[in-house]
Structures are given as structure tokens and as C-alpha cells.
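Working notes, beginning with the structure itself.
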Amino acid sequence: VDVTLPTTAFVTGQQIFAAAGVRLRRPAGLGANIVHQTHQRTLVTVLGAARAKDGLTWWPVRVVLGDSQIEEGWIAQTAPSGEVLLSAV
């Protein structure tokens with residue numbers, strides 16, 4: 001089930017940080033294709049409302065890579081273990 005959640009933690013256009021090793025996926029979900037993996041704490045921009053998938057909250061984000069290439073996809077707010085993957089600080 002793919003459900004749109006109210007945007008309570010982050011807002012569209014907000015710049016937040018993804019932890020090192022976070023996987024950017026397309027579409028949202030643990031079984032989705034990995035389009036990028038962060039190698040360090042990375043600034044990302046929230047593109048819209050969160051969605052629930054696979055028991056996690058996924059945010060649509062844009063990331064500018066080191067070569068100025070842009071990737072868009074989904075990152076879970078927390079890992080299945082509870083580790084925080086996206087934060088405002």
C-alpha cells in the first residue's frame with residue numbers, strides 16, 4: 001500500500017541532510033532501484049509530501065552530485081533499524 005502522509009517533519013523546498021551511505025531510490029520502497037548512494041553527509045532538497053511504503057516514511061528529494069549532475073528520488077526518513085537517515089540539522 002502506497003499512502004501519502006501529511007508533511008509534518010519537513011516541508012517542500014526545505015533543505016535537509018542525508019546521512020552517509022543513504023540510498024536514493026526510484027520509486028519509493030526497499031525493493032526499488034538504487035540510483036545513488038551518498039558517501040558523506042549530503043544536503044538534499046525536499047520535493048513534496050512523504051509517502052508510507054514498506055513500513056517506512058519516504059521523502060521525495062533532489063540531490064546535486066559533485067559533478068553538478070542532479071538526481072531525484074526517494075529516501076526513507078529512518079532505516080528499518082530506526083537509525084535516522086534524514087534530518088534538518
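In the C-alpha cells, each chain is lettered A, B, ... as it comes, each chain's residues begin at 1, and ligands are numbered from 1 in order of appearance.
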
Need the shell around region 29-41 of chain A: protein/DNA/RNA residues with any atom at most 6 Å away, counting only C-alpha atoms. Skip same-chain ones fewer than 6 positions apart. Format as a list in words?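 My list of contacting residues is Ala18, Ala19, Ala20, Gly21, Val22, Arg23 and Lys53 of chain A.
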
Grab the residues selected above and save them as a PDB file, in the first residue's frame with all heavy atoms.
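What follows is the written file result.pdb:
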```pdb
ATOM      1  N   ALA A  18      21.062  14.214   4.390  1.00  0.00           N
ATOM      2  CA  ALA A  18      21.013  12.752   4.322  1.00  0.00           C
ATOM      3  C   ALA A  18      22.308  12.228   4.922  1.00  0.00           C
ATOM      4  O   ALA A  18      23.389  12.765   4.660  1.00  0.00           O
ATOM      5  CB  ALA A  18      20.879  12.292   2.872  1.00  0.00           C
ATOM      6  N   ALA A  19      22.216  11.192   5.727  1.00  0.00           N
ATOM      7  CA  ALA A  19      23.390  10.592   6.362  1.00  0.00           C
ATOM      8  C   ALA A  19      24.274   9.915   5.317  1.00  0.00           C
ATOM      9  O   ALA A  19      23.825   9.584   4.217  1.00  0.00           O
ATOM     10  CB  ALA A  19      22.946   9.574   7.406  1.00  0.00           C
ATOM     11  N   ALA A  20      25.528   9.693   5.656  1.00  0.00           N
ATOM     12  CA  ALA A  20      26.451   8.979   4.774  1.00  0.00           C
ATOM     13  C   ALA A  20      25.937   7.563   4.533  1.00  0.00           C
ATOM     14  O   ALA A  20      25.434   6.909   5.454  1.00  0.00           O
ATOM     15  CB  ALA A  20      27.850   8.935   5.389  1.00  0.00           C
ATOM     16  N   GLY A  21      26.045   7.092   3.305  1.00  0.00           N
ATOM     17  CA  GLY A  21      25.627   5.738   2.967  1.00  0.00           C
ATOM     18  C   GLY A  21      24.154   5.585   2.641  1.00  0.00           C
ATOM     19  O   GLY A  21      23.689   4.479   2.364  1.00  0.00           O
ATOM     20  N   VAL A  22      23.402   6.692   2.646  1.00  0.00           N
ATOM     21  CA  VAL A  22      21.964   6.632   2.355  1.00  0.00           C
ATOM     22  C   VAL A  22      21.748   6.352   0.871  1.00  0.00           C
ATOM     23  O   VAL A  22      22.464   6.864   0.014  1.00  0.00           O
ATOM     24  CB  VAL A  22      21.278   7.950   2.768  1.00  0.00           C
ATOM     25  CG1 VAL A  22      19.865   8.041   2.230  1.00  0.00           C
ATOM     26  CG2 VAL A  22      21.270   8.082   4.270  1.00  0.00           C
ATOM     27  N   ARG A  23      20.748   5.533   0.587  1.00  0.00           N
ATOM     28  CA  ARG A  23      20.425   5.165  -0.804  1.00  0.00           C
ATOM     29  C   ARG A  23      19.247   5.979  -1.316  1.00  0.00           C
ATOM     30  O   ARG A  23      18.179   5.979  -0.713  1.00  0.00           O
ATOM     31  CB  ARG A  23      20.117   3.684  -0.871  1.00  0.00           C
ATOM     32  CG  ARG A  23      21.313   2.849  -0.518  1.00  0.00           C
ATOM     33  CD  ARG A  23      20.972   1.388  -0.462  1.00  0.00           C
ATOM     34  NE  ARG A  23      22.173   0.647  -0.095  1.00  0.00           N
ATOM     35  CZ  ARG A  23      22.159  -0.424   0.681  1.00  0.00           C
ATOM     36  NH1 ARG A  23      21.030  -0.888   1.149  1.00  0.00           N
ATOM     37  NH2 ARG A  23      23.290  -1.030   0.952  1.00  0.00           N
ATOM     38  N   LYS A  53       5.691   3.451   2.753  1.00  0.00           N
ATOM     39  CA  LYS A  53       5.924   2.255   1.932  1.00  0.00           C
ATOM     40  C   LYS A  53       6.851   1.346   2.722  1.00  0.00           C
ATOM     41  O   LYS A  53       7.840   1.806   3.301  1.00  0.00           O
ATOM     42  CB  LYS A  53       6.563   2.662   0.603  1.00  0.00           C
ATOM     43  CG  LYS A  53       6.836   1.550  -0.348  1.00  0.00           C
ATOM     44  CD  LYS A  53       5.603   1.220  -1.145  1.00  0.00           C
ATOM     45  CE  LYS A  53       5.955   0.195  -2.211  1.00  0.00           C
ATOM     46  NZ  LYS A  53       4.858  -0.154  -3.038  1.00  0.00           N
TER      47      LYS A  53
END
```

Give me, as a PyMOL selection string, all polymer residues having an atom no more than 12 Å from Ala76 (chain A), counting only C-alpha atoms and skipping those fewer than 6 positions away in the same chain. chain A and resi 18-19+22-30+32+46+50-61+82-87

All residues 10 Å or closer to Gln15 (chain A), only C-alpha atoms, same chain fewer than 4 positions away omitted, as a list in words: Phe10, Val11, Leu43, Val44, Thr45, Val46, Leu47, Val61, Arg62, Val63, Ser87, Ala88 and Val89 of chain A

So the first atom is CA of Gly13 (chain A) and the second is CA of Gly48 (chain A); what is the distance between them in Å, to one decimal place?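 Distance between the two atoms: 7.8 Å.
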
If you run DSSP over the backbone, which residues in region 9-83 of chain A end up strand (DSSP E or B)? Put them as a ChimeraX atom specification. /A:15-18,23-26,33-37,42-46,51-53,56-64,70-76,78
